[in-house]
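Printed here is data25.cif (mmCIF, C-alpha atoms and all ligand atoms):
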data_input
#
loop_
_atom_site.label_atom_id
_atom_site.label_comp_id
_atom_site.auth_asym_id
_atom_site.auth_seq_id
_atom_site.Cartn_x
_atom_site.Cartn_y
_atom_site.Cartn_z
CA MET A 1214 24.28 -28.18 9.39
CA SER A 1215 21.10 -27.62 7.39
CA TYR A 1216 19.97 -24.38 5.84
CA ILE A 1217 16.69 -23.25 4.25
CA LEU A 1218 16.29 -20.05 2.25
CA GLY A 1219 13.04 -18.09 2.15
CA ILE A 1220 12.41 -15.35 -0.42
CA ASP A 1221 9.37 -13.07 -0.52
CA ILE A 1222 8.89 -11.58 -3.99
CA GLY A 1223 7.44 -8.07 -4.07
CA GLY A 1224 6.99 -5.69 -6.97
CA THR A 1225 9.77 -3.43 -5.61
CA PHE A 1226 11.93 -5.61 -3.33
CA LEU A 1227 12.84 -9.23 -2.76
CA LYS A 1228 13.08 -9.96 0.97
CA GLY A 1229 15.11 -12.92 2.12
CA GLU A 1230 15.58 -14.96 5.29
CA VAL A 1231 17.86 -17.87 6.12
CA LEU A 1232 17.00 -20.66 8.55
CA LYS A 1233 19.84 -22.63 10.11
CA ASP A 1234 18.67 -25.89 11.68
CA GLY A 1235 15.15 -24.47 11.65
CA SER A 1236 15.86 -21.11 13.27
CA PRO A 1237 16.15 -17.69 11.55
CA VAL A 1238 19.78 -16.51 11.42
CA SER A 1239 19.87 -13.63 8.94
CA GLY A 1240 17.79 -11.59 6.55
CA SER A 1241 18.29 -9.03 3.80
CA GLU A 1242 16.65 -7.47 0.77
CA THR A 1243 17.42 -6.42 -2.78
CA PRO A 1244 15.53 -4.45 -5.49
CA THR A 1245 13.33 -6.58 -7.77
CA ASP A 1246 14.35 -6.75 -11.42
CA LEU A 1247 11.03 -7.37 -13.18
CA SER A 1248 12.72 -7.78 -16.58
CA ASP A 1249 14.49 -10.95 -15.35
CA LEU A 1250 12.70 -12.17 -12.23
CA ALA A 1251 14.10 -15.71 -12.18
CA GLY A 1252 17.66 -14.43 -12.69
CA CYS A 1253 17.16 -11.86 -9.95
CA VAL A 1254 15.84 -14.49 -7.49
CA GLU A 1255 18.71 -16.83 -8.41
CA ALA A 1256 21.36 -14.16 -7.73
CA PHE A 1257 19.66 -13.18 -4.47
CA ALA A 1258 19.53 -16.82 -3.29
CA GLU A 1259 23.27 -17.11 -3.91
CA LYS A 1260 23.88 -13.88 -2.01
CA LEU A 1261 21.77 -15.08 0.94
CA ALA A 1262 23.68 -18.37 1.08
CA MET A 1263 27.03 -16.64 0.88
CA GLY A 1264 26.01 -14.10 3.55
CA CYS A 1265 25.65 -16.83 6.17
CA GLY A 1266 28.53 -19.02 4.96
CA ALA A 1267 26.28 -21.84 3.71
CA ARG A 1268 27.48 -24.18 0.96
CA PHE A 1269 24.80 -25.06 -1.60
CA SER A 1270 25.15 -28.72 -0.57
CA GLU A 1271 23.99 -27.71 2.93
CA ILE A 1272 20.80 -26.02 1.67
CA SER A 1273 17.79 -28.32 1.80
CA GLY A 1274 15.39 -26.04 -0.04
CA VAL A 1275 14.36 -22.59 -1.22
CA GLY A 1276 10.86 -21.38 -0.35
CA ILE A 1277 9.29 -18.62 -2.39
CA GLY A 1278 6.38 -16.34 -1.50
CA CYS A 1279 4.82 -14.70 -4.52
CA PRO A 1280 1.88 -12.32 -4.94
CA GLY A 1281 -1.08 -13.26 -7.13
CA VAL A 1282 -2.73 -16.60 -7.87
CA ILE A 1283 -0.20 -19.37 -7.23
CA ASP A 1284 -0.81 -23.03 -7.97
CA ASP A 1285 1.20 -24.42 -5.04
CA GLY A 1286 0.81 -27.96 -6.42
CA THR A 1287 2.53 -27.33 -9.75
CA GLY A 1288 4.60 -24.33 -8.64
CA THR A 1289 3.11 -22.15 -11.37
CA VAL A 1290 2.39 -18.44 -11.10
CA VAL A 1291 -1.10 -18.52 -12.61
CA ARG A 1292 -1.48 -14.76 -12.54
CA ALA A 1293 0.50 -11.99 -10.85
CA ALA A 1294 -0.53 -8.69 -12.43
CA ASN A 1295 2.00 -6.47 -10.66
CA LEU A 1296 4.89 -8.78 -11.62
CA GLY A 1297 3.59 -9.02 -15.20
CA LEU A 1298 3.47 -12.85 -14.99
CA GLU A 1299 0.86 -15.25 -16.35
CA ASN A 1300 1.08 -19.07 -16.34
CA TYR A 1301 4.77 -18.87 -15.54
CA PRO A 1302 6.44 -22.07 -14.24
CA LEU A 1303 8.51 -20.26 -11.59
CA ARG A 1304 9.30 -23.34 -9.48
CA ALA A 1305 10.59 -25.37 -12.44
CA GLU A 1306 12.66 -22.41 -13.67
CA LEU A 1307 14.25 -21.82 -10.24
CA GLU A 1308 14.92 -25.53 -9.61
CA LYS A 1309 16.74 -25.69 -12.93
CA ARG A 1310 18.83 -22.60 -12.18
CA LEU A 1311 19.61 -23.38 -8.51
CA GLY A 1312 19.76 -27.16 -8.59
CA LEU A 1313 17.83 -27.17 -5.29
CA PRO A 1314 14.27 -28.15 -4.30
CA VAL A 1315 11.94 -25.14 -4.51
CA LYS A 1316 8.45 -24.62 -3.04
CA ILE A 1317 6.17 -21.72 -3.88
CA GLY A 1318 3.19 -20.24 -2.05
CA ASN A 1319 1.05 -17.14 -2.26
CA ASP A 1320 2.71 -14.30 -0.31
CA ALA A 1321 -0.22 -13.77 2.07
CA ASN A 1322 -0.36 -17.48 2.86
CA CYS A 1323 3.39 -17.50 3.46
CA ALA A 1324 3.03 -14.57 5.86
CA ALA A 1325 0.41 -16.55 7.82
CA LEU A 1326 2.76 -19.54 8.00
CA GLY A 1327 5.64 -17.27 9.05
CA GLU A 1328 3.65 -15.84 11.95
CA ALA A 1329 2.52 -19.35 12.89
CA ALA A 1330 6.06 -20.77 12.85
CA PHE A 1331 8.09 -17.87 14.25
CA GLY A 1332 5.79 -15.00 15.21
CA ALA A 1333 2.72 -14.19 17.28
CA GLY A 1334 1.13 -17.59 16.60
CA LYS A 1335 4.07 -19.83 17.44
CA ASP A 1336 2.56 -21.09 20.71
CA VAL A 1337 -0.58 -22.53 19.00
CA LYS A 1338 -1.29 -25.03 16.20
CA ASN A 1339 -4.29 -23.28 14.64
CA SER A 1340 -4.10 -19.63 13.65
CA ILE A 1341 -5.44 -17.24 11.04
CA LEU A 1342 -3.65 -14.11 9.87
CA VAL A 1343 -5.75 -11.21 8.61
CA THR A 1344 -3.65 -8.52 6.93
CA LEU A 1345 -5.12 -5.02 6.71
CA GLY A 1346 -3.21 -3.15 4.02
CA THR A 1347 -3.99 -1.87 0.53
CA GLY A 1348 -6.30 -4.89 0.40
CA VAL A 1349 -7.33 -7.45 2.99
CA GLY A 1350 -5.35 -10.66 2.76
CA GLY A 1351 -4.30 -13.45 5.02
CA GLY A 1352 -3.92 -17.14 5.45
CA ILE A 1353 -5.20 -20.07 7.44
CA VAL A 1354 -2.95 -22.46 9.37
CA ILE A 1355 -4.52 -25.70 10.59
CA ASP A 1356 -2.51 -28.17 12.71
CA GLY A 1357 0.64 -26.25 11.81
CA LYS A 1358 0.03 -26.51 8.07
CA LEU A 1359 -1.29 -24.01 5.55
CA PHE A 1360 -4.79 -24.56 4.22
CA THR A 1361 -4.93 -23.14 0.67
CA GLY A 1362 -7.79 -25.07 -0.95
CA ASN A 1363 -8.00 -26.56 -4.42
CA ARG A 1364 -5.09 -25.44 -6.64
CA GLY A 1365 -4.05 -22.93 -4.00
CA ALA A 1366 -6.95 -20.64 -4.81
CA GLY A 1367 -8.67 -20.68 -1.42
CA ALA A 1368 -8.20 -18.83 1.86
CA GLU A 1369 -9.11 -15.52 0.21
CA ILE A 1370 -10.23 -14.05 3.50
CA GLY A 1371 -10.72 -10.55 2.08
CA HIS A 1372 -13.43 -11.69 -0.31
CA MET A 1373 -15.85 -12.91 2.34
CA VAL A 1374 -19.06 -10.87 2.06
CA ILE A 1375 -20.01 -9.08 5.27
CA GLU A 1376 -22.68 -6.75 3.74
CA LYS A 1377 -24.96 -8.27 1.11
CA ASP A 1378 -25.21 -5.85 -1.86
CA GLY A 1379 -22.74 -3.53 -0.14
CA GLU A 1380 -19.75 -1.58 -1.51
CA LYS A 1381 -18.23 -2.73 -4.77
CA CYS A 1382 -15.07 -4.82 -4.33
CA THR A 1383 -12.02 -5.22 -6.60
CA CYS A 1384 -13.08 -8.87 -7.19
CA GLY A 1385 -16.34 -7.81 -8.86
CA ARG A 1386 -18.57 -8.84 -5.98
CA ARG A 1387 -20.23 -6.47 -3.52
CA GLY A 1388 -19.85 -6.13 0.23
CA CYS A 1389 -16.56 -8.02 0.72
CA LEU A 1390 -14.50 -7.57 3.91
CA GLU A 1391 -11.80 -5.97 1.72
CA ALA A 1392 -14.23 -3.29 0.49
CA TYR A 1393 -14.67 -2.10 4.12
CA CYS A 1394 -11.58 -3.07 6.07
CA SER A 1395 -8.55 -2.40 3.88
CA ALA A 1396 -6.45 0.62 4.85
CA SER A 1397 -7.69 2.25 1.63
CA ALA A 1398 -11.34 1.69 2.63
CA LEU A 1399 -10.60 3.16 6.07
CA THR A 1400 -9.01 6.21 4.44
CA ARG A 1401 -12.02 6.63 2.16
CA ALA A 1402 -14.45 6.42 5.11
CA THR A 1403 -12.35 8.98 7.02
CA ARG A 1404 -12.40 11.36 4.09
CA GLU A 1405 -16.19 11.07 3.78
CA ALA A 1406 -16.62 11.72 7.50
CA MET A 1407 -14.45 14.85 7.26
CA GLU A 1408 -16.52 16.17 4.35
CA ASN A 1409 -19.77 15.53 6.16
CA ASP A 1410 -18.65 17.26 9.37
CA THR A 1411 -16.65 20.39 8.62
CA SER A 1412 -16.64 21.28 12.34
CA SER A 1413 -14.63 18.13 13.11
CA ALA A 1414 -11.06 18.32 14.39
CA MET A 1415 -10.04 16.02 11.51
CA TRP A 1416 -11.34 18.53 8.97
CA ARG A 1417 -9.43 21.39 10.62
CA THR A 1418 -6.15 19.48 10.66
CA TYR A 1419 -6.15 17.39 7.51
CA THR A 1420 -6.77 17.96 3.84
CA HIS A 1421 -8.23 15.33 1.53
CA SER A 1422 -4.85 14.26 0.31
CA ASP A 1423 -3.00 13.85 3.61
CA CYS A 1424 -5.53 11.94 5.70
CA ASP A 1425 -4.88 8.19 5.85
CA GLY A 1426 -5.74 5.03 7.76
CA ARG A 1427 -4.29 6.50 10.99
CA THR A 1428 -6.26 9.77 10.99
CA ALA A 1429 -9.54 8.52 12.50
CA PHE A 1430 -7.71 6.56 15.22
CA GLU A 1431 -5.65 9.62 16.06
CA TYR A 1432 -8.78 11.73 16.65
CA MET A 1433 -11.18 9.14 18.04
CA ASP A 1434 -10.93 10.43 21.63
CA SER A 1435 -11.65 14.08 20.77
CA ASP A 1436 -13.78 13.99 17.61
CA PRO A 1437 -17.17 12.22 17.44
CA SER A 1438 -16.92 11.90 13.64
CA ALA A 1439 -13.59 10.13 13.96
CA LYS A 1440 -14.98 7.87 16.69
CA ARG A 1441 -17.88 6.85 14.41
CA VAL A 1442 -15.43 5.96 11.60
CA VAL A 1443 -13.36 3.79 13.97
CA ASP A 1444 -16.42 2.12 15.54
CA THR A 1445 -17.92 1.26 12.15
CA TYR A 1446 -14.58 -0.03 10.90
CA ILE A 1447 -14.07 -2.24 13.96
CA ASN A 1448 -17.65 -3.56 13.86
CA ARG A 1449 -17.31 -4.64 10.25
CA LEU A 1450 -13.91 -6.19 10.81
CA ALA A 1451 -15.27 -8.01 13.86
CA CYS A 1452 -18.08 -9.45 11.71
CA GLY A 1453 -15.47 -11.03 9.44
CA LEU A 1454 -13.42 -12.30 12.40
CA VAL A 1455 -16.46 -13.90 14.04
CA ASN A 1456 -17.25 -15.68 10.75
CA LEU A 1457 -13.67 -16.99 10.56
CA ALA A 1458 -13.74 -18.00 14.23
CA ASN A 1459 -17.06 -19.87 13.82
CA ILE A 1460 -15.89 -21.79 10.75
CA PHE A 1461 -12.26 -22.61 11.62
CA ARG A 1462 -12.09 -22.05 15.39
CA PRO A 1463 -8.39 -21.25 15.58
CA GLN A 1464 -6.82 -20.49 18.96
CA VAL A 1465 -5.70 -17.09 17.75
CA ILE A 1466 -6.53 -14.63 14.98
CA LEU A 1467 -3.57 -12.40 14.19
CA ILE A 1468 -4.01 -8.92 12.77
CA GLY A 1469 -1.24 -7.70 10.48
CA GLY A 1470 -0.65 -4.92 7.95
CA GLY A 1471 -0.45 -1.17 8.44
CA VAL A 1472 -3.67 -0.80 10.46
CA SER A 1473 -2.37 -3.27 13.09
CA ALA A 1474 0.00 -0.53 14.29
CA GLN A 1475 -3.02 0.68 16.32
CA GLY A 1476 -2.39 -2.23 18.70
CA THR A 1477 -4.89 -2.60 21.54
CA ARG A 1478 -7.03 0.30 20.26
CA LEU A 1479 -7.90 -2.20 17.55
CA THR A 1480 -7.57 -5.58 19.24
CA ALA A 1481 -9.35 -4.81 22.56
CA PRO A 1482 -12.73 -3.82 21.01
CA LEU A 1483 -12.39 -6.62 18.43
CA GLN A 1484 -11.86 -9.10 21.27
CA ARG A 1485 -14.96 -7.81 23.09
CA ILE A 1486 -17.17 -8.22 20.02
CA VAL A 1487 -15.74 -11.62 19.11
CA ASP A 1488 -16.24 -12.87 22.69
CA GLY A 1489 -19.81 -11.59 22.65
CA GLU A 1490 -20.90 -12.89 19.25
CA MET A 1491 -18.88 -16.04 18.59
CA PHE A 1492 -20.49 -19.48 18.88
CA ALA A 1493 -19.43 -21.33 22.07
CA ALA A 1494 -17.03 -18.53 22.99
CA GLU A 1495 -16.32 -19.69 26.54
CA TYR A 1496 -15.84 -23.32 25.54
CA ALA A 1497 -13.19 -22.62 22.87
CA PRO A 1498 -12.07 -18.98 23.02
CA VAL A 1499 -10.23 -17.20 20.20
CA GLU A 1500 -7.61 -14.65 21.13
CA ILE A 1501 -7.17 -11.60 18.90
CA ARG A 1502 -3.49 -10.55 18.72
CA CYS A 1503 -1.33 -8.29 16.60
CA ALA A 1504 1.08 -10.05 14.26
CA SER A 1505 4.71 -9.61 15.31
CA LEU A 1506 7.02 -10.16 12.34
CA GLY A 1507 6.04 -7.18 10.15
CA ASN A 1508 7.36 -7.48 6.60
CA ARG A 1509 9.67 -10.40 7.52
CA ALA A 1510 6.68 -12.75 7.87
CA GLY A 1511 6.46 -13.60 4.15
CA ALA A 1512 10.09 -14.69 3.70
CA LEU A 1513 10.15 -16.58 7.01
CA GLY A 1514 6.93 -18.34 6.04
CA ALA A 1515 8.30 -19.16 2.58
CA ALA A 1516 11.26 -20.86 4.27
CA ALA A 1517 8.83 -22.60 6.66
CA LEU A 1518 7.24 -24.34 3.64
CA PHE A 1519 10.18 -26.75 4.11
CA LEU A 1520 9.74 -27.35 7.84
ZN ZN A 1601 -14.11 -9.11 -3.07
#

Write out the structure in this file as structure tokens.
Ligand SMILES: [Zn+2]
Amino acid sequence: MSYILGIDIGGTFLKGEVLKDGSPVSGSETPTDLSDLAGCVEAFAEKLAMGCGARFSEISGVGIGCPGVIDDGTGTVVRAANLGLENYPLRAELEKRLGLPVKIGNDANCAALGEAAFGAGKDVKNSILVTLGTGVGGGIVIDGKLFTGNRGAGAEIGHMVIEKDGEKCTCGRRGCLEAYCSASALTRATREAMENDTSSAMWRTYTHSDCDGRTAFEYMDSDPSAKRVVDTYINRLACGLVNLANIFRPQVILIGGGVSAQGTRLTAPLQRIVDGEMFAAEYAPVEIRCASLGNRAGALGAAALFL
């Protein structure tokens, strides 16, 4: 019997998954203790092992997904602002405490690997996950392996410019995909559309504070302002997806994060634009799908670092 543990570190919760002979068998979560992160991860790993009756001698490794800039070569957390970590040797610390091999990856990259190994991309070898949440993140899987670039700093899909000199982005540049296609950017665009059209159904129903990334989709069939917000959003996202498709030509691009709950309302028009604009579309098509693992993807992908 061989077990692998996968732990996804978040600012509020640690999420964990256990693989037995390569297949997921159980998962759980626990609150994150930021004052003693390594101790908290150590205790959680022990709990995960106990929960599925695994002896430590049967565990071949512990994979960790961590937000921020992660040097996956040295296992160092270079910078993770919301965990309060800088140049922290997390892998070395956990290997010392657990006495087991540990691998660490960026959380978004781990999520991409999780979807590729166990989720919506498991039938193909080349896939890209684009996560539409507070920011735009994701990861690139080539021939079943993560591509993270030099010192793990690459695959920052959200910081691809789609509008030269466009909206300001959190990275300091202008016009990034993240500045237009995060759930927060979608909410901001919805709010602006409501203000500019006070006869719209959105304006009558929602106030500034309670509209969110779902509002425009909800009203797109009855409210022209909402439809414009959705169309613009999808067009910009499609621009980023076509760029990714032209450079990497995966078999599938997976859409994850909160906005992906829109399902085919999102993926069908994206597919149409990608098919129409992509280079050699008929020769090597790219299918746009929704991701399927939700918030389990990160921990499953962290475990998959050992597969
Ligand atoms: Zn940016």

As AutoDock Vina command-line options, what would the box around stretch 1389-1394 of chain A look like: edges along x, y and z, 5 Å added on every side, centre and edge lengths in Å to one decimal?
--center_x -14.1 --center_y -5.1 --center_z 3.3 --size_x 15.0 --size_y 15.9 --size_z 15.6

field: Given all atoms listed in the file as the counted atoms, nearest of A:Leu1218, A:Glu1230, A:Glu1500, A:Lys1309 to A:Arg1268
entry: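 Nearest to A:Arg1268: A:Leu1218.
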
- prompt: Taking into account all atoms listed in the file, which residue in the set A:Gly1278, A:Gly1286, A:Gly1229, A:Gly1350 is nearest to ligand ZN 1601 (chain A)?
  reply: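 Result for the nearest residue to ligand ZN 1601 (chain A): A:Gly1350.
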
- request: Find the residues near A:Tyr1419: any atom within 12 Å, counting all atoms listed in the file, skip ones fewer than 3 places away on the same chain, and give them as a PyMOL selection string.
  value: chain A and resi 1400+1403-1404+1406-1408+1411+1413-1416+1422-1425+1427-1429+1431-1432

Write out, as a tab-separated table, each residue of chain A that has an atom at most 8 Å from ligand ZN 1601 (chain A), together with the closest pair of atoms and their distance in Å to one decimal, counting only C-alpha atoms and all ligand atoms, rows going by chain and rising number.
residue	atom	partner	partner_atom	distance
A:Gly1371	CA	A:ZN1601	ZN	6.3
A:His1372	CA	A:ZN1601	ZN	3.8
A:Met1373	CA	A:ZN1601	ZN	6.8
A:Val1374	CA	A:ZN1601	ZN	7.3
A:Lys1381	CA	A:ZN1601	ZN	7.8
A:Cys1382	CA	A:ZN1601	ZN	4.6
A:Thr1383	CA	A:ZN1601	ZN	5.7
A:Cys1384	CA	A:ZN1601	ZN	4.3
A:Gly1385	CA	A:ZN1601	ZN	6.3
A:Arg1386	CA	A:ZN1601	ZN	5.3
A:Arg1387	CA	A:ZN1601	ZN	6.7
A:Gly1388	CA	A:ZN1601	ZN	7.3
A:Cys1389	CA	A:ZN1601	ZN	4.6
A:Leu1390	CA	A:ZN1601	ZN	7.2
A:Glu1391	CA	A:ZN1601	ZN	6.2
A:Ala1392	CA	A:ZN1601	ZN	6.8

task: Write out as a VMD selection string each polymer residue whose atoms come within 9 Å of stretch 1508-1515 of chain A, counting all atoms listed in the file; drop sequence neighbours fewer than 6 positions from it.
output: chain A and resid 1218 to 1222 1227 to 1232 1237 1240 1275 to 1279 1316 to 1332 1470

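You will find atom CA of A:Ser1397 at 18.8 Å from atom CA of A:Gly1224.
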
query: Pick the closest to A:Leu1303 from A:Ile1353, A:Ala1504, A:Ala1251, A:Ala1262: which is it, counting all atoms listed in the file?
result: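 Closest to A:Leu1303, using all atoms listed in the file: A:Ala1251.
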
task: Record the distance separating atom CA of A:Tyr1301 and atom CA of A:Gly1348, expressed in Å with one decimal.
output: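 Calculated distance between atom CA of A:Tyr1301 and atom CA of A:Gly1348 is 23.9 Å.
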
Which residue of A:Gln1464, A:Ser1412, A:Thr1477, A:Ser1273 approaches A:Val1337 most closely, using all atoms listed in the file: A:Gln1464

query: From the set A:Val1455, A:Leu1311, A:Ala1305, A:Val1487, which residue has the shortest atom-to-atom contact distance to A:Ala1258, counting only C-alpha atoms?
result: A:Leu1311

With a distance cut-off of 8 Å and only C-alpha atoms, select the neighbouring residues of A:Ile1283, excluding the residue or stretch itself and same-chain residues fewer than 6 positions from it, and output the selection as a PDB file with C-alpha atoms, in the frame of the given file.
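out.pdb written:
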ATOM      1  CA  THR A1289       3.110 -22.150 -11.370  1.00  0.00           C
ATOM      2  CA  VAL A1290       2.390 -18.440 -11.100  1.00  0.00           C
ATOM      3  CA  VAL A1291      -1.100 -18.520 -12.610  1.00  0.00           C
ATOM      4  CA  ARG A1292      -1.480 -14.760 -12.540  1.00  0.00           C
ATOM      5  CA  ILE A1317       6.170 -21.720  -3.880  1.00  0.00           C
ATOM      6  CA  GLY A1318       3.190 -20.240  -2.050  1.00  0.00           C
ATOM      7  CA  ASN A1319       1.050 -17.140  -2.260  1.00  0.00           C
ATOM      8  CA  ARG A1364      -5.090 -25.440  -6.640  1.00  0.00           C
ATOM      9  CA  GLY A1365      -4.050 -22.930  -4.000  1.00  0.00           C
ATOM     10  CA  ALA A1366      -6.950 -20.640  -4.810  1.00  0.00           C
TER      11      ALA A1366
END

query: Quick one, how far is atom CA of A:Cys1265 from atom CA of A:Ser1239?
result: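 Going from atom CA of A:Cys1265 over to atom CA of A:Ser1239, I get 7.2 Å.
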
- request: Find the spatial neighbours of A:Ile1447, counting only C-alpha atoms, within a cut-off of 12 Å - ignore same-chain residues fewer than 3 positions away - and output them as a VMD selection string.
  value: chain A and resid 1345 1390 1393 to 1395 1399 1429 to 1430 1440 to 1444 1450 to 1455 1472 to 1473 1475 1477 to 1487
